[in-house]
$ cat query11.txt   # compact mmCIF, C-alpha atoms
# COMPACT_ATOMS: atom_id res chain seq x y z
CA MET C 1 -127.45 -168.09 152.95
CA THR C 2 -124.02 -166.84 151.91
CA ARG C 3 -122.18 -170.00 152.98
CA TYR C 4 -124.55 -172.17 150.97
CA LEU C 5 -124.15 -169.99 147.89
CA ARG C 6 -120.35 -170.05 148.13
CA LEU C 7 -120.25 -173.81 148.50
CA LEU C 8 -122.71 -174.23 145.68
CA CYS C 9 -120.68 -172.04 143.32
CA LEU C 10 -117.53 -173.97 144.24
CA CYS C 11 -119.23 -177.28 143.59
CA LEU C 12 -120.87 -176.23 140.33
CA ALA C 13 -117.58 -175.16 138.79
CA PRO C 14 -116.44 -178.73 137.98
CA LEU C 15 -119.83 -179.84 136.63
CA VAL C 16 -118.39 -180.28 133.19
CA ALA C 17 -117.68 -183.96 132.69
CA LEU C 18 -121.39 -184.70 132.78
CA ALA C 19 -122.12 -184.87 129.09
CA THR C 20 -118.74 -185.01 127.38
CA HIS C 21 -118.88 -188.74 126.79
CA ALA C 22 -122.45 -188.69 125.51
CA ASP C 23 -121.76 -187.17 122.11
CA ASP C 24 -118.76 -188.15 120.02
CA ALA C 25 -119.69 -185.68 117.29
CA PRO C 26 -117.95 -182.29 117.28
CA GLY C 27 -119.76 -179.38 118.83
CA TYR C 28 -120.88 -178.25 122.25
CA PRO C 29 -122.19 -181.38 124.01
CA ILE C 30 -124.45 -180.17 126.87
CA THR C 31 -128.03 -179.99 125.66
CA ASN C 32 -129.76 -178.71 128.80
CA PRO C 33 -129.61 -174.88 128.59
CA PHE C 34 -129.68 -174.36 132.37
CA LEU C 35 -126.93 -176.89 132.94
CA ALA C 36 -124.88 -175.39 130.10
CA THR C 37 -125.22 -171.90 131.58
CA ILE C 38 -124.08 -173.06 135.00
CA VAL C 39 -121.16 -175.28 134.07
CA GLY C 40 -119.79 -173.77 130.87
CA THR C 41 -117.54 -175.78 128.55
CA PRO C 42 -115.94 -179.17 129.35
CA PRO C 43 -112.18 -178.60 129.93
CA GLU C 44 -111.06 -180.74 127.00
CA LEU C 45 -113.18 -178.60 124.63
CA VAL C 46 -111.99 -175.21 125.90
CA TRP C 47 -109.90 -173.05 123.54
CA PRO C 48 -106.57 -172.66 125.38
CA VAL C 49 -105.51 -169.21 126.56
CA PRO C 50 -102.44 -168.05 128.51
CA GLU C 51 -102.39 -168.27 132.27
CA GLU C 52 -103.54 -165.14 134.06
CA THR C 53 -100.01 -164.52 135.33
CA ALA C 54 -98.65 -164.50 131.78
CA VAL C 55 -100.75 -161.51 130.71
CA ARG C 56 -99.25 -158.04 130.93
CA GLN C 57 -102.06 -156.28 132.75
CA THR C 58 -103.05 -153.94 135.54
CA ASP C 59 -106.16 -152.45 137.13
CA LEU C 60 -106.58 -148.70 136.69
CA ALA C 61 -109.16 -146.08 137.63
CA VAL C 62 -110.37 -142.88 136.02
CA ARG C 63 -112.60 -140.05 137.26
CA VAL C 64 -115.61 -139.86 134.93
CA LEU C 65 -117.97 -137.62 136.92
CA PRO C 66 -115.82 -135.23 138.96
CA GLU C 67 -118.90 -133.35 140.15
CA ARG C 68 -120.53 -136.40 141.78
CA GLU C 69 -120.50 -136.53 145.58
CA LEU C 70 -120.84 -139.90 147.26
CA PRO C 71 -121.27 -140.70 150.96
CA PRO C 72 -118.03 -141.72 152.73
CA ALA C 73 -119.11 -145.39 152.81
CA LEU C 74 -119.06 -145.43 149.00
CA SER C 75 -116.00 -143.25 148.41
CA ARG C 76 -114.15 -146.17 146.82
CA TYR C 77 -116.59 -145.93 143.91
CA GLN C 78 -115.76 -142.30 143.13
CA ASP C 79 -113.48 -143.43 140.30
CA LEU C 80 -114.40 -145.96 137.63
CA HIS C 81 -112.10 -148.98 137.79
CA TYR C 82 -111.20 -150.96 134.70
CA ARG C 83 -108.72 -153.64 133.67
CA LEU C 84 -106.08 -153.07 131.03
CA ALA C 85 -103.99 -155.68 129.22
CA TRP C 86 -101.51 -154.33 126.70
CA HIS C 87 -98.51 -154.94 124.44
CA ASP C 88 -95.38 -152.89 123.79
CA GLU C 89 -96.08 -152.46 120.09
CA PRO C 90 -99.00 -150.70 118.35
CA ALA C 91 -102.11 -152.91 118.22
CA PRO C 92 -105.90 -152.74 118.00
CA LEU C 93 -107.66 -151.99 121.28
CA VAL C 94 -110.75 -154.07 122.07
CA PHE C 95 -113.19 -152.89 124.72
CA ILE C 96 -115.03 -155.70 126.54
CA ILE C 97 -118.34 -154.76 128.19
CA ALA C 98 -119.65 -156.96 131.00
CA GLY C 99 -123.11 -158.47 131.31
CA THR C 100 -125.91 -157.74 133.76
CA GLY C 101 -124.63 -156.57 137.14
CA THR C 102 -121.12 -157.86 136.43
CA GLY C 103 -117.88 -156.10 137.30
CA TYR C 104 -114.80 -155.72 135.13
CA ASP C 105 -112.99 -158.42 137.15
CA SER C 106 -115.31 -161.39 136.50
CA PRO C 107 -113.81 -164.77 135.48
CA ARG C 108 -115.76 -164.85 132.19
CA LEU C 109 -114.32 -161.51 131.16
CA ASP C 110 -110.85 -162.55 132.28
CA TYR C 111 -111.04 -165.46 129.84
CA LEU C 112 -112.07 -163.14 126.98
CA LYS C 113 -109.33 -160.69 127.99
CA ARG C 114 -106.68 -163.42 127.82
CA LEU C 115 -108.08 -164.65 124.50
CA PHE C 116 -107.90 -161.31 122.71
CA TRP C 117 -104.63 -160.30 124.36
CA ASP C 118 -103.10 -163.55 123.14
CA ALA C 119 -104.38 -162.68 119.67
CA GLY C 120 -102.26 -159.52 119.76
CA MET C 121 -104.81 -156.93 120.88
CA HIS C 122 -104.76 -154.44 123.72
CA VAL C 123 -107.80 -154.99 125.96
CA ILE C 124 -109.82 -152.72 128.24
CA VAL C 125 -112.47 -154.47 130.34
CA LEU C 126 -115.36 -152.38 131.69
CA SER C 127 -118.07 -153.16 134.23
CA SER C 128 -121.70 -153.29 133.18
CA PRO C 129 -123.62 -150.01 133.48
CA THR C 130 -125.86 -151.99 135.87
CA ASN C 131 -122.97 -152.76 138.22
CA HIS C 132 -122.71 -150.68 141.39
CA ASP C 133 -119.27 -149.26 140.57
CA PHE C 134 -120.37 -148.00 137.15
CA ILE C 135 -123.64 -146.56 138.51
CA ALA C 136 -121.76 -144.62 141.17
CA ALA C 137 -118.80 -143.50 139.06
CA ALA C 138 -120.04 -143.14 135.48
CA SER C 139 -123.85 -143.16 135.17
CA ARG C 140 -124.98 -139.57 134.74
CA ASN C 141 -128.62 -140.16 135.65
CA GLY C 142 -127.90 -143.06 138.02
CA LEU C 143 -130.66 -145.07 136.35
CA PRO C 144 -129.21 -147.72 134.03
CA GLY C 145 -131.49 -149.66 131.71
CA LEU C 146 -132.15 -147.05 129.02
CA ALA C 147 -130.08 -148.08 126.01
CA GLU C 148 -129.27 -144.66 124.61
CA SER C 149 -128.25 -143.03 127.91
CA ASP C 150 -126.25 -146.12 128.91
CA ALA C 151 -124.46 -145.91 125.55
CA ARG C 152 -123.56 -142.26 126.15
CA ASP C 153 -122.21 -143.11 129.61
CA LEU C 154 -120.19 -146.02 128.26
CA HIS C 155 -118.84 -143.99 125.34
CA SER C 156 -117.60 -141.30 127.74
CA ALA C 157 -116.04 -143.89 130.06
CA MET C 158 -114.36 -145.66 127.14
CA THR C 159 -112.94 -142.37 125.86
CA LEU C 160 -111.41 -141.51 129.23
CA ALA C 161 -110.13 -145.06 129.82
CA ALA C 162 -108.41 -145.19 126.41
CA GLU C 163 -106.81 -141.78 126.98
CA HIS C 164 -105.74 -142.84 130.46
CA ALA C 165 -104.17 -146.05 129.09
CA ARG C 166 -102.23 -144.08 126.49
CA ASP C 167 -101.03 -141.52 129.02
CA THR C 168 -100.07 -143.86 131.86
CA LYS C 169 -98.89 -146.99 130.03
CA ASN C 170 -97.88 -145.61 126.63
CA VAL C 171 -100.40 -147.85 124.91
CA GLU C 172 -100.24 -147.32 121.15
CA ILE C 173 -103.63 -147.96 119.54
CA SER C 174 -103.96 -148.70 115.83
CA GLU C 175 -107.75 -149.12 115.71
CA TYR C 176 -110.73 -149.80 117.99
CA ARG C 177 -112.86 -152.91 118.39
CA MET C 178 -115.58 -153.91 120.85
CA VAL C 179 -117.09 -157.04 122.41
CA GLY C 180 -120.07 -157.25 124.75
CA PHE C 181 -121.62 -160.18 126.57
CA SER C 182 -125.34 -160.47 127.42
CA LEU C 183 -126.63 -157.02 128.39
CA GLY C 184 -123.13 -155.79 127.53
CA ALA C 185 -123.75 -156.96 123.96
CA LEU C 186 -126.88 -154.81 123.71
CA ASN C 187 -124.84 -151.96 125.21
CA ALA C 188 -122.12 -152.53 122.59
CA ALA C 189 -124.63 -152.33 119.75
CA PHE C 190 -125.91 -148.97 120.99
CA VAL C 191 -122.39 -147.63 121.63
CA ALA C 192 -121.41 -148.52 118.06
CA HIS C 193 -124.61 -146.88 116.81
CA LEU C 194 -123.81 -143.71 118.78
CA ASP C 195 -120.25 -143.68 117.47
CA GLU C 196 -121.58 -143.67 113.91
CA THR C 197 -122.60 -140.08 114.66
CA LEU C 198 -119.67 -139.11 116.87
CA GLN C 199 -117.06 -140.74 114.60
CA GLN C 200 -114.60 -141.03 117.48
CA PHE C 201 -113.66 -144.69 117.71
CA ARG C 202 -114.86 -145.83 114.26
CA PHE C 203 -115.00 -149.42 115.42
CA THR C 204 -113.62 -151.84 112.85
CA ARG C 205 -115.19 -154.81 114.64
CA THR C 206 -118.09 -155.14 117.09
CA LEU C 207 -119.05 -158.58 118.37
CA LEU C 208 -122.28 -159.25 120.29
CA LEU C 209 -122.20 -162.36 122.48
CA ASN C 210 -125.60 -163.69 123.62
CA PRO C 211 -127.40 -160.33 123.44
CA PRO C 212 -130.98 -159.78 124.52
CA VAL C 213 -133.13 -158.40 121.71
CA ASP C 214 -136.05 -157.05 123.71
CA LEU C 215 -134.33 -156.22 127.02
CA TYR C 216 -137.46 -155.87 129.10
CA ALA C 217 -138.90 -159.14 127.77
CA SER C 218 -135.63 -160.82 128.77
CA ILE C 219 -135.91 -159.22 132.21
CA ARG C 220 -139.33 -160.80 132.70
CA ARG C 221 -137.93 -164.20 131.75
CA LEU C 222 -135.04 -163.87 134.23
CA ASP C 223 -137.32 -162.68 137.03
CA ALA C 224 -139.53 -165.70 136.39
CA LEU C 225 -136.58 -168.07 136.92
CA ALA C 226 -136.15 -166.81 140.48
CA ARG C 227 -139.83 -167.64 141.10
CA THR C 228 -139.53 -171.21 139.80
CA GLN C 229 -141.44 -173.58 142.06
CA VAL C 230 -139.23 -176.26 143.62
CA ASP C 231 -140.89 -179.00 145.65
CA GLY C 232 -140.30 -178.51 149.36
CA VAL C 233 -138.91 -175.00 148.96
CA SER C 234 -140.76 -171.90 150.13
CA SER C 235 -138.10 -169.16 150.22
CA GLY C 236 -134.63 -168.19 149.05
CA ASP C 237 -133.04 -169.31 152.30
CA SER C 238 -134.75 -172.71 152.19
CA PHE C 239 -133.68 -173.10 148.55
CA TYR C 240 -129.99 -172.83 149.42
CA GLU C 241 -130.54 -175.11 152.41
CA HIS C 242 -132.30 -177.56 150.08
CA ILE C 243 -129.38 -177.64 147.62
CA PHE C 244 -126.87 -177.83 150.46
CA GLN C 245 -128.66 -180.88 151.88
CA LYS C 246 -128.58 -182.60 148.49
CA LEU C 247 -124.83 -182.13 148.32
CA THR C 248 -124.41 -183.35 151.88
CA ARG C 249 -126.45 -186.50 151.24
CA TYR C 250 -124.40 -187.23 148.15
CA PHE C 251 -121.12 -186.85 150.05
CA GLU C 252 -122.41 -189.19 152.77
CA GLU C 253 -123.68 -191.82 150.36
CA SER C 254 -120.63 -191.76 148.10
CA GLY C 255 -118.13 -191.69 150.95
CA SER C 256 -116.19 -188.93 149.23
CA ALA C 257 -115.94 -185.17 149.59
CA ASP C 258 -113.68 -184.60 146.58
CA ILE C 259 -115.39 -181.84 144.61
CA GLU C 260 -112.66 -181.78 141.97
CA SER C 261 -113.27 -185.27 140.61
CA GLY C 262 -116.37 -185.05 138.47
CA LEU C 263 -118.66 -184.48 141.43
CA PHE C 264 -121.71 -183.65 139.38
CA ALA C 265 -121.15 -186.41 136.88
CA GLY C 266 -121.83 -188.59 139.91
CA ILE C 267 -124.47 -186.51 141.64
CA GLN C 268 -126.57 -186.13 138.49
CA GLY C 269 -126.61 -189.90 138.17
CA SER C 270 -127.72 -190.39 141.76
CA ASP C 271 -130.94 -189.89 143.68
CA ASN C 272 -129.71 -186.40 144.59
CA ALA C 273 -129.53 -185.05 141.04
CA LEU C 274 -130.47 -181.41 140.60
CA THR C 275 -133.76 -181.04 138.77
CA GLU C 276 -134.31 -178.61 135.93
CA ALA C 277 -136.43 -176.46 138.25
CA GLU C 278 -133.60 -176.32 140.80
CA MET C 279 -131.07 -175.27 138.15
CA ALA C 280 -133.47 -172.63 136.81
CA MET C 281 -134.02 -171.21 140.29
CA LEU C 282 -130.28 -171.15 140.94
CA ILE C 283 -129.71 -169.04 137.82
CA GLY C 284 -132.64 -166.81 138.76
CA ALA C 285 -131.21 -166.33 142.25
CA VAL C 286 -127.90 -165.10 140.84
CA PHE C 287 -129.70 -162.53 138.70
CA ARG C 288 -131.81 -161.51 141.71
CA PHE C 289 -128.62 -160.50 143.54
CA SER C 290 -127.68 -158.36 140.53
CA ALA C 291 -131.13 -156.75 140.63
CA ALA C 292 -130.72 -155.94 144.33
CA ASP C 293 -127.36 -154.30 143.63
CA LEU C 294 -128.92 -152.23 140.85
CA ASN C 295 -131.98 -151.24 142.90
CA PHE C 296 -129.97 -150.16 145.89
CA MET C 297 -127.33 -148.10 144.11
CA ALA C 298 -129.75 -146.40 141.70
CA ASP C 299 -132.01 -145.42 144.61
CA LEU C 300 -129.05 -144.14 146.62
CA ILE C 301 -127.61 -142.03 143.77
CA ASN C 302 -131.01 -140.49 143.06
CA GLY C 303 -131.98 -139.96 146.70
CA GLY C 304 -135.15 -142.03 146.42
CA GLY C 305 -135.12 -143.05 150.08
CA ARG C 306 -136.46 -146.54 149.45
CA TYR C 307 -133.59 -148.32 151.18
CA ILE C 308 -131.55 -145.61 152.92
CA PRO C 309 -133.77 -143.38 155.10
CA ALA C 310 -133.70 -139.68 154.22
CA GLY C 311 -131.00 -137.92 156.21
CA LYS C 312 -129.18 -141.15 157.04
CA GLN C 313 -125.42 -140.61 156.90
CA LEU C 314 -123.46 -143.51 155.41
CA LYS C 315 -120.11 -143.42 157.15
CA VAL C 316 -117.10 -145.58 156.32
CA SER C 317 -118.03 -147.81 159.25
CA THR C 318 -121.69 -148.14 158.17
CA SER C 319 -122.71 -151.62 157.06
CA ILE C 320 -124.94 -151.49 153.98
CA THR C 321 -125.83 -155.20 154.20
CA PRO C 322 -129.24 -154.61 155.88
CA TYR C 323 -130.23 -152.22 153.09
CA LEU C 324 -129.09 -154.61 150.38
CA ARG C 325 -131.12 -157.40 151.98
CA GLU C 326 -134.22 -155.23 151.69
CA ALA C 327 -133.40 -154.54 148.04
CA LEU C 328 -133.46 -158.30 147.39
CA PHE C 329 -137.25 -158.11 147.52
CA CYS C 330 -137.23 -155.93 144.38
CA ASP C 331 -136.40 -157.76 141.13
CA PHE C 332 -135.65 -156.27 137.71
CA GLY C 333 -139.33 -155.79 136.94
CA CYS C 334 -139.74 -153.99 140.25
CA TYR C 335 -136.83 -151.68 139.40
CA LEU C 336 -138.41 -150.98 136.04
CA GLN C 337 -141.75 -150.05 137.58
CA THR C 338 -140.56 -148.13 140.65
CA GLN C 339 -137.50 -146.27 139.38
CA LEU C 340 -136.86 -146.41 135.64
CA TRP C 341 -140.35 -145.92 134.25
CA PRO C 342 -141.35 -142.99 136.52
CA ALA C 343 -138.16 -141.11 135.62
CA TRP C 344 -138.47 -141.81 131.87
CA SER C 345 -142.18 -141.04 131.64
CA SER C 346 -141.70 -137.68 133.35
CA LEU C 347 -139.47 -136.66 130.42
CA ASN C 348 -141.54 -138.36 127.71
CA GLU C 349 -145.10 -137.19 128.24
CA GLY C 350 -147.70 -139.13 126.32
CA LYS C 351 -145.46 -142.13 125.68
CA THR C 352 -146.04 -145.61 127.10
CA ILE C 353 -143.87 -148.16 128.82
CA GLU C 354 -143.99 -150.11 125.55
CA ASP C 355 -142.38 -147.10 123.84
CA MET C 356 -139.60 -147.15 126.43
CA ALA C 357 -139.11 -150.88 125.91
CA TRP C 358 -138.94 -150.50 122.13
CA GLN C 359 -136.35 -147.70 122.35
CA THR C 360 -134.14 -149.97 124.50
CA SER C 361 -134.47 -152.97 122.17
CA LEU C 362 -132.38 -153.98 119.18
CA TYR C 363 -135.54 -153.64 117.11
CA SER C 364 -135.14 -149.85 117.34
CA ILE C 365 -131.79 -149.95 115.50
CA GLU C 366 -132.62 -152.82 113.14
CA SER C 367 -131.56 -151.06 109.94
CA TYR C 368 -128.19 -150.10 111.45
CA LEU C 369 -127.56 -153.68 112.59
CA ARG C 370 -128.55 -155.04 109.20
CA ASP C 371 -126.28 -152.68 107.27
CA ASN C 372 -123.21 -152.71 109.53
CA ARG C 373 -120.97 -155.34 107.98
CA ASP C 374 -118.42 -154.86 110.77
CA MET C 375 -120.78 -156.16 113.46
CA ALA C 376 -121.55 -159.83 114.17
CA VAL C 377 -123.53 -161.82 116.72
CA ILE C 378 -122.98 -165.18 118.42
CA THR C 379 -125.90 -166.80 120.22
CA ASN C 380 -127.67 -170.09 120.92
CA ALA C 381 -131.09 -171.39 119.94
CA ASP C 382 -131.69 -172.50 123.54
CA ASP C 383 -130.65 -169.22 125.21
CA PHE C 384 -133.49 -168.70 127.69
CA ILE C 385 -133.28 -164.89 127.59
CA LEU C 386 -134.56 -165.04 123.98
CA THR C 387 -138.01 -165.75 122.64
CA GLU C 388 -138.30 -167.63 119.37
CA ASP C 389 -139.05 -164.33 117.61
CA ASN C 390 -135.94 -162.75 119.19
CA TYR C 391 -133.77 -165.58 117.91
CA TYR C 392 -135.11 -165.32 114.37
CA PHE C 393 -134.68 -161.54 114.46
CA LEU C 394 -130.96 -162.02 115.11
CA ALA C 395 -130.68 -164.68 112.41
CA GLU C 396 -132.48 -162.64 109.78
CA THR C 397 -131.00 -159.24 110.66
CA PHE C 398 -127.37 -160.33 110.76
CA GLY C 399 -127.54 -162.97 108.04
CA ASP C 400 -124.08 -164.40 107.37
CA ARG C 401 -122.76 -162.41 110.35
CA ALA C 402 -124.94 -164.43 112.75
CA PHE C 403 -123.04 -167.39 114.22
CA LEU C 404 -125.81 -169.57 115.63
CA HIS C 405 -125.51 -172.68 117.76
CA PRO C 406 -128.18 -175.19 118.79
CA HIS C 407 -127.00 -175.51 122.40
CA GLY C 408 -125.08 -173.57 125.02
CA GLY C 409 -127.79 -171.80 127.01
CA HIS C 410 -126.79 -168.29 128.05
CA GLY C 411 -123.07 -168.10 127.34
CA GLY C 412 -122.26 -171.68 128.35
CA ASN C 413 -120.32 -172.32 125.14
CA LEU C 414 -118.27 -169.12 124.98
CA GLN C 415 -115.03 -170.99 125.68
CA HIS C 416 -115.80 -173.83 123.29
CA LEU C 417 -113.38 -174.47 120.44
CA ASP C 418 -115.97 -173.84 117.72
CA THR C 419 -117.34 -170.67 119.30
CA VAL C 420 -113.93 -169.15 120.02
CA GLY C 421 -112.79 -169.98 116.51
CA GLN C 422 -115.70 -167.94 115.19
CA MET C 423 -114.88 -165.07 117.55
CA LEU C 424 -111.26 -164.87 116.44
CA THR C 425 -112.03 -165.29 112.75
CA PHE C 426 -114.41 -162.35 112.86
CA MET C 427 -112.37 -160.13 115.20
CA GLU C 428 -109.08 -160.68 113.37
CA GLY C 429 -110.36 -160.90 109.80
CA ASP C 430 -110.05 -158.32 107.07
CA LYS C 431 -112.82 -155.78 106.90
CA HIS C 432 -115.79 -156.73 104.76
CA GLU C 433 -116.07 -154.95 101.48
$ encode --input "query11.txt" --output "structure tokens"
Amino acid sequence: MTRYLRLLCLCLAPLVALATHADDAPGYPITNPFLATIVGTPPELVWPVPEETAVRQTDLAVRVLPERELPPALSRYQDLHYRLAWHDEPAPLVFIIAGTGTGYDSPRLDYLKRLFWDAGMHVIVLSSPTNHDFIAAASRNGLPGLAESDARDLHSAMTLAAEHARDTKNVEISEYRMVGFSLGALNAAFVAHLDETLQQFRFTRTLLLNPPVDLYASIRRLDALARTQVDGVSSGDSFYEHIFQKLTRYFEESGSADIESGLFAGIQGSDNALTEAEMAMLIGAVFRFSAADLNFMADLINGGGRYIPAGKQLKVSTSITPYLREALFCDFGCYLQTQLWPAWSSLNEGKTIEDMAWQTSLYSIESYLRDNRDMAVITNADDFILTEDNYYFLAETFGDRAFLHPHGGHGGNLQHLDTVGQMLTFMEGDKHE
């Protein structure tokens, strides 16, 4: 399965010329939300940023939970790793929080890092609280998915990372800002809300990119994508085989194997075009791998014994692949039911799973979001993690601080000229009165 997924990711990267000629009007041109999510922004419409090699940056690590003991096989996750980009002179520091299951070193975050660094800001990029490295190194309860506890963990990690950056690289910070993508955007909202009480960072700007509103409702929608029915496909393995065969047939029929020359502009116009169901299942499959990562690490940290037998010693030489494969059978909803809800309900007697969901939604901090003039949101009407009610909640709650787009799916337009222009205008602008 891995070789099919790698080839597929490589081939999907250039699927960007597909719709650029179809719409001469300004704006993001890809109108299919699944396609937009997969391929991102056509190159000619991407806001330019410096090359990766031009950025003054390094990867650092900080010990957040010195008392935590991990098995030898996971010792590399004892410290929380993060990415720092900085300038010689005093500047604002912007924290970037990754989306579901994503590490600090993802390409999407690297683009945002280069963007804000080029705009004169220091940048610290942090993994999602649902990523294995954060769960192991910085999650106190080892059970991400509860907005308030995740915010406390992130706030602590951000504090230590900023201090570490000052101490090791002489980073001079004039003020603090924050950006989150997807689940990281929901995390950012709750971190800012927590900091209202703590008054430590006093964020002058917080930008939410494609946030979920009701996290658990979004989880159900993502889990459903992985269960999309594709004709002739009965399992995950056969799905990747199915896509691989489509690519192979196209290469044979076209007489070319050049994946850098508008491959999908051709394949989508052929008999081997990917259907909407196939694109939906591909996106769902990616999130299923994130769910497996989350399930495995949370169970391991809490000694649940679902994947690693009780008493099993994980040595440096131990392969954890067989255990991760078993975790693939448990999606986000499964994690919610088997790990998160039992732990939460034991501490919240008499409350329901709906209460837990509400406390982890943006609805629970609506008045704060409405009144905080230093927080803005960017999202798309066709983002499939949102219901119609979710979308209108963002529009009505943020008002003139809601930058809304008709198309772009889930983050597909984050490098688009219009979207980036809005990001920079808000992040660099004078504070609202």
$ closest_residue --input "query11.txt" --among "C:Arg63, C:Ala138, C:Gln415, C:Leu74" --to "Asp110 in chain C" --atoms "all atoms listed in the file"
C:Gln415
$ atom_distance --input "query11.txt" --atom1 "CA of Leu362 in chain C" --atom2 "CA of Asn295 in chain C"
23.9 Å
$ closest_residue --input "query11.txt" --among "C:Ala277, C:Ala165, C:Val316, C:Leu215" --to "Pro72 in chain C" --atoms "only C-alpha atoms"
C:Val316
$ residues_around --input "query11.txt" --residues "His416 in chain C" --least-positions-apart "4" --cutoff "7 Å" --atoms "all atoms listed in the file" --output "PDB file with C-alpha atoms, keeping the file's coordinate frame"
ATOM      1  CA  TYR C  28    -120.880-178.250 122.250  1.00  0.00           C
ATOM      2  CA  THR C  41    -117.540-175.780 128.550  1.00  0.00           C
ATOM      3  CA  LEU C  45    -113.180-178.600 124.630  1.00  0.00           C
ATOM      4  CA  VAL C  46    -111.990-175.210 125.900  1.00  0.00           C
ATOM      5  CA  TRP C  47    -109.900-173.050 123.540  1.00  0.00           C
ATOM      6  CA  VAL C 420    -113.930-169.150 120.020  1.00  0.00           C
TER       7      VAL C 420
END
$ atom_distance --input "query11.txt" --atom1 "CA of Gly411 in chain C" --atom2 "CA of Thr37 in chain C"
6.1 Å
$ atom_distance --input "query11.txt" --atom1 "CA of Leu93 in chain C" --atom2 "CA of Ala161 in chain C"
11.3 Å
$ closest_residue --input "query11.txt" --among "C:Arg152, C:Arg221, C:Arg83, C:His407" --to "Ala36 in chain C" --atoms "only C-alpha atoms"
C:His407
$ closest_residue --input "query11.txt" --among "C:Asn187, C:Thr58, C:Thr419, C:Ser290" --to "Leu324 in chain C" --atoms "all atoms listed in the file"
C:Ser290
$ closest_residue --input "query11.txt" --among "C:Gly145, C:Glu278, C:Phe116, C:Leu369" --to "Ala395 in chain C" --atoms "all atoms listed in the file"
C:Leu369
